[in-house]
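target28.cif, holding mmCIF, C-alpha atoms:
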```cif
data_upload
#
loop_
_atom_site.label_atom_id
_atom_site.label_comp_id
_atom_site.auth_asym_id
_atom_site.auth_seq_id
_atom_site.Cartn_x
_atom_site.Cartn_y
_atom_site.Cartn_z
CA MET T 1 71.60 -64.24 94.72
CA SER T 2 71.49 -60.52 95.41
CA ALA T 3 73.07 -58.68 98.32
CA PRO T 4 70.69 -57.80 101.18
CA ASP T 5 69.49 -54.20 101.01
CA LEU T 6 71.02 -52.75 104.19
CA PRO T 7 71.50 -49.10 105.18
CA LEU T 8 75.12 -47.95 104.96
CA TRP T 9 75.87 -47.96 108.70
CA ALA T 10 74.55 -51.53 109.06
CA ALA T 11 76.41 -52.72 105.97
CA ILE T 12 79.69 -51.36 107.40
CA LEU T 13 79.10 -52.97 110.82
CA VAL T 14 78.05 -56.32 109.35
CA SER T 15 81.01 -56.51 106.97
CA PHE T 16 83.41 -55.52 109.76
CA PHE T 17 82.25 -58.35 112.06
CA LEU T 18 82.00 -60.86 109.21
CA VAL T 19 85.51 -60.19 107.90
CA ALA T 20 86.97 -60.10 111.42
CA GLY T 21 85.38 -63.47 112.25
CA ALA T 22 86.57 -64.98 108.99
CA LEU T 23 90.12 -63.71 109.62
CA VAL T 24 90.20 -65.20 113.15
CA THR T 25 88.99 -68.55 111.78
CA LEU T 26 91.60 -68.38 109.00
CA LEU T 27 94.26 -67.69 111.63
CA GLY T 28 93.19 -70.86 113.47
CA SER T 29 93.54 -72.85 110.25
CA ILE T 30 96.99 -71.37 109.62
CA GLY T 31 97.83 -72.52 113.15
CA LEU T 32 97.07 -76.12 112.18
CA TRP T 33 99.81 -75.84 109.60
CA ARG T 34 102.39 -73.78 111.54
CA LEU T 35 102.29 -75.40 114.98
CA PRO T 36 104.86 -78.18 115.44
CA ASP T 37 103.08 -81.25 116.90
CA PHE T 38 99.66 -82.81 117.36
CA TYR T 39 99.08 -81.54 120.90
CA ALA T 40 99.98 -77.96 119.99
CA ARG T 41 97.71 -78.17 116.95
CA LEU T 42 94.78 -79.02 119.23
CA HIS T 43 94.79 -75.38 120.37
CA ALA T 44 94.35 -73.91 116.89
CA PRO T 45 90.75 -74.89 115.97
CA SER T 46 89.37 -73.33 119.16
CA LEU T 47 90.11 -69.88 117.69
CA GLY T 48 87.48 -70.49 115.03
CA ALA T 49 85.13 -72.17 117.50
CA THR T 50 85.11 -69.25 119.95
CA LEU T 51 85.96 -65.75 118.71
CA GLY T 52 85.55 -66.60 115.00
CA THR T 53 82.07 -68.08 115.45
CA GLY T 54 81.11 -65.29 117.87
CA LEU T 55 82.01 -62.46 115.47
CA ILE T 56 80.21 -64.11 112.53
CA LEU T 57 77.11 -64.64 114.71
CA VAL T 58 77.13 -60.97 115.75
CA ALA T 59 77.26 -60.02 112.06
CA SER T 60 74.31 -62.34 111.35
CA MET T 61 72.30 -60.90 114.26
CA ILE T 62 72.81 -57.30 113.10
CA CYS T 63 72.06 -58.14 109.45
CA PHE T 64 68.77 -59.98 110.03
CA SER T 65 67.60 -57.69 112.85
CA VAL T 66 67.96 -54.68 110.55
CA LEU T 67 66.40 -56.46 107.56
CA GLN T 68 63.32 -57.64 109.46
CA GLY T 69 63.01 -54.60 111.73
CA ARG T 70 62.90 -56.54 115.01
CA PRO T 71 65.64 -57.94 117.27
CA LEU T 72 66.62 -61.50 116.30
CA VAL T 73 68.92 -63.25 118.74
CA HIS T 74 68.35 -66.95 118.07
CA GLU T 75 71.96 -67.14 116.82
CA VAL T 76 73.01 -67.37 120.50
CA LEU T 77 71.80 -71.00 120.34
CA ILE T 78 74.45 -71.76 117.71
CA GLY T 79 77.09 -70.22 119.96
CA LEU T 80 75.82 -72.20 122.95
CA PHE T 81 75.82 -75.56 121.15
CA VAL T 82 79.23 -75.01 119.53
CA THR T 83 80.68 -74.05 122.92
CA ILE T 84 79.30 -77.15 124.63
CA THR T 85 80.17 -79.69 121.92
CA THR T 86 83.63 -78.60 120.68
CA PRO T 87 85.43 -79.50 123.95
CA VAL T 88 84.06 -83.07 123.78
CA THR T 89 85.75 -83.65 120.42
CA LEU T 90 89.01 -82.00 121.44
CA MET T 91 89.21 -83.90 124.77
CA LEU T 92 88.51 -87.21 123.01
CA LEU T 93 91.25 -86.50 120.44
CA ALA T 94 93.72 -85.55 123.19
CA SER T 95 93.07 -88.72 125.24
CA ALA T 96 93.18 -91.00 122.19
CA SER T 97 96.44 -89.46 121.02
CA LEU T 98 98.01 -89.69 124.49
CA TYR T 99 97.01 -93.35 124.77
CA ARG T 100 98.46 -94.17 121.36
CA ASP T 101 101.70 -92.28 121.96
CA ARG T 102 102.24 -94.13 125.24
CA VAL T 103 101.47 -97.57 123.79
CA GLU T 104 103.79 -96.96 120.82
CA GLY T 105 106.42 -95.28 123.02
CA ASN T 106 106.57 -92.04 120.96
CA ASP T 107 108.47 -89.01 122.25
CA ALA T 108 105.58 -86.57 121.76
CA ALA T 109 103.92 -87.58 125.05
CA PRO T 110 105.69 -87.89 128.42
CA LYS T 111 106.09 -91.48 129.69
CA LYS T 112 104.54 -90.55 133.04
CA ASP T 113 102.21 -87.73 134.04
CA PRO T 114 104.21 -84.67 135.14
CA PRO T 115 104.14 -84.18 138.94
CA PRO T 116 101.53 -81.64 140.12
CA THR T 117 102.87 -78.09 140.26
CA GLU T 118 102.65 -76.64 143.78
CA LEU T 119 102.46 -72.92 144.42
CA MET V 1 55.93 -78.49 145.90
CA SER V 2 56.20 -82.29 145.96
CA ARG V 3 53.12 -82.59 143.75
CA LEU V 4 54.71 -80.26 141.21
CA ARG V 5 57.88 -82.35 141.34
CA ARG V 6 55.93 -85.53 140.66
CA VAL V 7 54.46 -84.11 137.45
CA LEU V 8 57.40 -81.94 136.44
CA PRO V 9 60.66 -83.30 137.89
CA TYR V 10 62.97 -80.58 136.52
CA PRO V 11 61.13 -77.23 136.34
CA LEU V 12 64.26 -75.27 135.35
CA LEU V 13 65.11 -77.72 132.58
CA PHE V 14 61.51 -77.47 131.38
CA LEU V 15 61.77 -73.67 131.13
CA ALA V 16 65.15 -73.87 129.38
CA LEU V 17 63.93 -76.38 126.78
CA LEU V 18 60.74 -74.37 126.18
CA GLY V 19 62.80 -71.19 125.79
CA MET V 20 65.11 -72.93 123.32
CA TRP V 21 62.13 -74.19 121.30
CA LEU V 22 60.57 -70.72 121.08
CA LEU V 23 63.91 -69.17 120.09
CA MET V 24 64.38 -71.74 117.33
CA THR V 25 60.88 -71.42 115.90
CA GLN V 26 60.94 -67.63 116.45
CA SER V 27 57.33 -67.31 117.41
CA LEU V 28 55.25 -66.82 120.53
CA SER V 29 52.01 -68.26 119.14
CA ALA V 30 49.89 -70.51 121.34
CA GLY V 31 50.52 -73.48 119.06
CA GLN V 32 54.29 -73.23 119.33
CA ILE V 33 54.12 -72.73 123.11
CA LEU V 34 51.98 -75.90 123.37
CA LEU V 35 54.26 -77.89 121.06
CA GLY V 36 57.36 -76.62 122.89
CA SER V 37 55.82 -77.59 126.24
CA VAL V 38 55.24 -81.14 125.01
CA VAL V 39 58.86 -81.39 123.82
CA ALA V 40 60.19 -79.90 127.09
CA PHE V 41 57.99 -82.26 129.11
CA GLY V 42 59.37 -85.25 127.21
CA GLY V 43 62.90 -83.94 127.73
CA CYS V 44 62.38 -83.70 131.49
CA TRP V 45 61.18 -87.30 131.70
CA ALA V 46 64.08 -88.50 129.55
CA MET V 47 66.32 -86.81 132.13
CA VAL V 48 64.58 -88.81 134.91
CA ALA V 49 65.44 -92.02 133.06
CA LEU V 50 69.12 -90.94 132.95
CA ASP V 51 69.03 -90.35 136.74
CA PRO V 52 71.79 -87.72 137.00
CA PRO V 53 73.35 -86.92 140.40
CA ALA V 54 71.58 -84.05 142.15
CA ALA V 55 72.92 -80.58 141.37
CA ARG V 56 72.31 -77.37 143.24
CA LEU V 57 73.00 -74.09 141.54
CA ARG V 58 73.85 -71.47 144.10
CA ARG V 59 74.66 -67.81 143.86
CA PRO V 60 73.50 -66.47 140.50
CA GLY V 61 75.86 -63.54 141.12
CA ALA V 62 78.83 -65.90 141.03
CA VAL V 63 77.52 -67.46 137.79
CA ALA V 64 77.37 -64.03 136.17
CA ARG V 65 80.89 -63.16 137.40
CA LEU V 66 82.26 -66.45 136.04
CA ALA V 67 80.58 -65.87 132.67
CA GLY V 68 82.11 -62.38 132.49
CA ARG V 69 85.59 -63.68 133.34
CA VAL V 70 85.37 -66.46 130.74
CA PHE V 71 84.21 -63.98 128.10
CA VAL V 72 87.20 -61.69 128.77
CA ASP V 73 89.66 -64.61 128.95
CA VAL V 74 88.44 -66.17 125.69
CA PHE V 75 89.02 -62.83 123.98
CA ARG V 76 92.48 -62.40 125.51
CA SER V 77 93.64 -65.95 124.84
CA ASN V 78 92.46 -65.70 121.23
CA LEU V 79 94.80 -62.72 120.80
CA ALA V 80 97.62 -64.52 122.63
CA VAL V 81 97.35 -67.74 120.59
CA GLY V 82 96.97 -65.71 117.37
CA SER V 83 100.23 -63.91 118.06
CA ILE V 84 101.95 -67.23 118.86
CA ILE V 85 100.75 -68.75 115.56
CA LEU V 86 102.06 -65.78 113.58
CA GLY V 87 105.18 -65.47 115.75
CA SER V 88 108.67 -66.87 115.33
CA GLU V 89 109.54 -70.57 115.49
CA ASP V 90 111.01 -70.01 118.96
CA ARG V 91 107.62 -68.93 120.36
CA ARG V 92 105.76 -71.83 118.80
CA THR V 93 107.81 -74.56 120.50
CA HIS V 94 107.13 -73.72 124.16
CA SER V 95 104.15 -76.05 124.51
CA GLY V 96 104.08 -78.89 127.02
CA PHE V 97 102.17 -80.93 129.56
CA MET V 98 101.65 -79.92 133.19
CA SER V 99 99.61 -81.15 136.16
CA LEU V 100 97.88 -79.44 139.04
CA ARG V 101 95.95 -80.47 142.11
CA LEU V 102 92.27 -79.47 142.15
CA ASP V 103 90.14 -78.90 145.26
CA LEU V 104 86.94 -78.96 143.19
CA THR V 105 85.18 -82.36 143.34
CA SER V 106 81.63 -81.71 142.07
CA PRO V 107 81.16 -83.53 138.72
CA TYR V 108 79.22 -80.58 137.29
CA GLY V 109 81.89 -78.14 138.39
CA LEU V 110 84.56 -80.30 136.75
CA ALA V 111 82.51 -80.49 133.55
CA VAL V 112 82.20 -76.70 133.41
CA LEU V 113 85.92 -76.32 134.12
CA ALA V 114 86.68 -78.76 131.28
CA ILE V 115 84.57 -76.71 128.88
CA ILE V 116 86.20 -73.44 129.99
CA LEU V 117 89.77 -74.76 129.71
CA THR V 118 89.22 -76.46 126.36
CA CYS V 119 87.29 -73.55 124.86
CA THR V 120 89.92 -70.96 125.68
CA PRO V 121 92.65 -71.42 123.09
CA GLY V 122 96.01 -72.09 124.72
CA THR V 123 94.90 -74.58 127.38
CA GLN V 124 93.68 -78.10 126.66
CA TRP V 125 92.20 -80.46 129.28
CA VAL V 126 93.87 -83.88 128.81
CA ARG V 127 92.75 -86.01 131.73
CA TYR V 128 91.61 -85.88 135.34
CA ASP V 129 92.44 -88.54 137.90
CA PRO V 130 89.65 -88.50 140.51
CA SER V 131 91.50 -90.73 143.00
CA ARG V 132 94.46 -88.32 143.26
CA ARG V 133 92.40 -85.23 142.25
CA VAL V 134 95.08 -84.32 139.74
CA LEU V 135 94.34 -82.70 136.39
CA MET V 136 96.75 -82.99 133.47
CA LEU V 137 96.72 -80.16 130.94
CA HIS V 138 98.45 -79.32 127.71
CA VAL V 139 99.47 -75.66 127.51
CA LEU V 140 100.61 -73.92 124.33
CA ASP V 141 102.68 -71.23 126.05
CA LEU V 142 104.29 -73.14 128.91
CA VAL V 143 106.95 -70.74 130.18
CA ASP V 144 105.89 -70.56 133.83
CA ASP V 145 103.57 -73.37 134.92
CA ARG V 146 102.87 -71.66 138.26
CA TYR V 147 101.21 -68.81 136.36
CA TRP V 148 98.69 -71.27 134.89
CA VAL V 149 98.05 -72.93 138.27
CA ARG V 150 97.33 -69.52 139.80
CA THR V 151 95.08 -68.50 136.90
CA ILE V 152 93.00 -71.68 136.99
CA LYS V 153 92.69 -71.84 140.76
CA GLU V 154 92.00 -68.16 141.41
CA ARG V 155 89.97 -67.20 138.37
CA TYR V 156 87.83 -70.30 137.83
CA GLU V 157 88.11 -72.93 140.55
CA SER V 158 87.21 -70.68 143.49
CA LEU V 159 84.07 -69.41 141.73
CA LEU V 160 83.05 -72.91 140.59
CA MET V 161 83.34 -74.15 144.18
CA GLU V 162 81.12 -71.28 145.31
CA ILE V 163 78.54 -72.19 142.69
CA PHE V 164 78.46 -75.99 142.92
CA GLU V 165 79.59 -76.90 146.47
#
```
Before anything else, please render the file you have as structure tokens.
Amino acid sequence: MSAPDLPLWAAILVSFFLVAGALVTLLGSIGLWRLPDFYARLHAPSLGATLGTGLILVASMICFSVLQGRPLVHEVLIGLFVTITTPVTLMLLASASLYRDRVEGNDAAPKKDPPPTEL
Amino acid sequence: MSRLRRVLPYPLLFLALLGMWLLMTQSLSAGQILLGSVVAFGGCWAMVALDPPAARLRRPGAVARLAGRVFVDVFRSNLAVGSIILGSEDRRTHSGFMSLRLDLTSPYGLAVLAIILTCTPGTQWVRYDPSRRVLMLHVLDLVDDRYWVRTIKERYESLLMEIFE
């Protein structure tokens, strides 16, 4: 493996977006550890799935567009599919956990749905 | 128009699938266009077998405005949730469940709202009760639940109703 031969300005831009995306994703993983309960932890992975993925995809677009000398944007498909599929997993996990907590009578979930908030 | 519909029941879906195929193969050669058309054609007829409820997309301007708002909000909520994760113990224990009444009834509108709320870190769609039209959410930073009701209703629900109803 050798590093791609990019001009300096592109190398700086690509590494900036790549490291920023990796840091956001790392922050989401740290959230899994630091947040107190299951429902709060559900919020952490979406950092990596949204901004983290987005920044890494921008880095990939710049890198391969510069290398091949023409605009390459097919990475938007990755962003589109991740955005559409991640919520399905998270919603399924939330409903399953709520069902289990209510059947077992755990304190993490409220016994009844909270009343709707009116403005 | 009806003859076109008989051969090609979902013209927009056809174009979207063809566009996706050409993006993935990264070529505009006649062969790939032909192959992509066959795949898109099959996809359209698979959709007929699923028989989804009719959807009308109105107001492309509203779609663009909604996309812009979601983009900004995803960015902002990433920063907010990041600062909560790195913040003190006191800030991390303000999460909780809340409910709100929705006026939106279109199944497609609700699906888009579910994606928006779950994708933005900080709000998590838990369940929607269609008989009472009440949505239950889990919010990471639940200090003022009226703030979240206002945000969801004014920023997303009003635009989704313009688009889908």
Exactly which residues make up the result of the PyMOL selection byres ((chain T) within 7 of (chain V)) on this file, given as a PyMOL selection string? chain T and resi 27+31+34-36+40+43-44+46-47+50-51+74+83-84+87+91+94-95+114-117+119
Interatomic distance between atom CA of V:Leu8 and atom CA of V:Ala40?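 One can read the atom CA of V:Leu8 to atom CA of V:Ala40 distance as 10.0 Å.
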Quick one: distance from atom CA of T:Ile56 to atom CA of T:Gly21 in Å, one decimal?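 Taking atom CA of T:Ile56 and atom CA of T:Gly21, their separation equals 5.2 Å.
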Expressed in Å to a single decimal, how great is the separation between atom CA of T:Pro71 and atom CA of V:Trp21? 17.1 Å
Which residues fall under the PyMOL selection byres ((chain T and resi 57-61) around 8) in this file, as a VMD selection string? chain T and resid 13 to 18 53 to 56 62 to 65 71 to 73 75 to 76 79
If you count all atoms listed in the file, which residues fall within 10 Å of stretch 108-112 of chain T, apart from same-chain ones fewer than 2 positions away, as an MDAnalysis selection string? (chainID T and resid 37:39 97:103 105:106 114:115) or (chainID V and resid 96:97)
All residues 9 Å or closer to V:Arg56, only C-alpha atoms, same chain fewer than 3 positions away omitted, as a list in words: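 The neighbour list is Ile163, Phe164 and Glu165 of chain V.
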T:Val19 proximity check over T:Asp113, T:Val88, T:Gly52, T:Asp107, using all atoms listed in the file: winner is T:Gly52
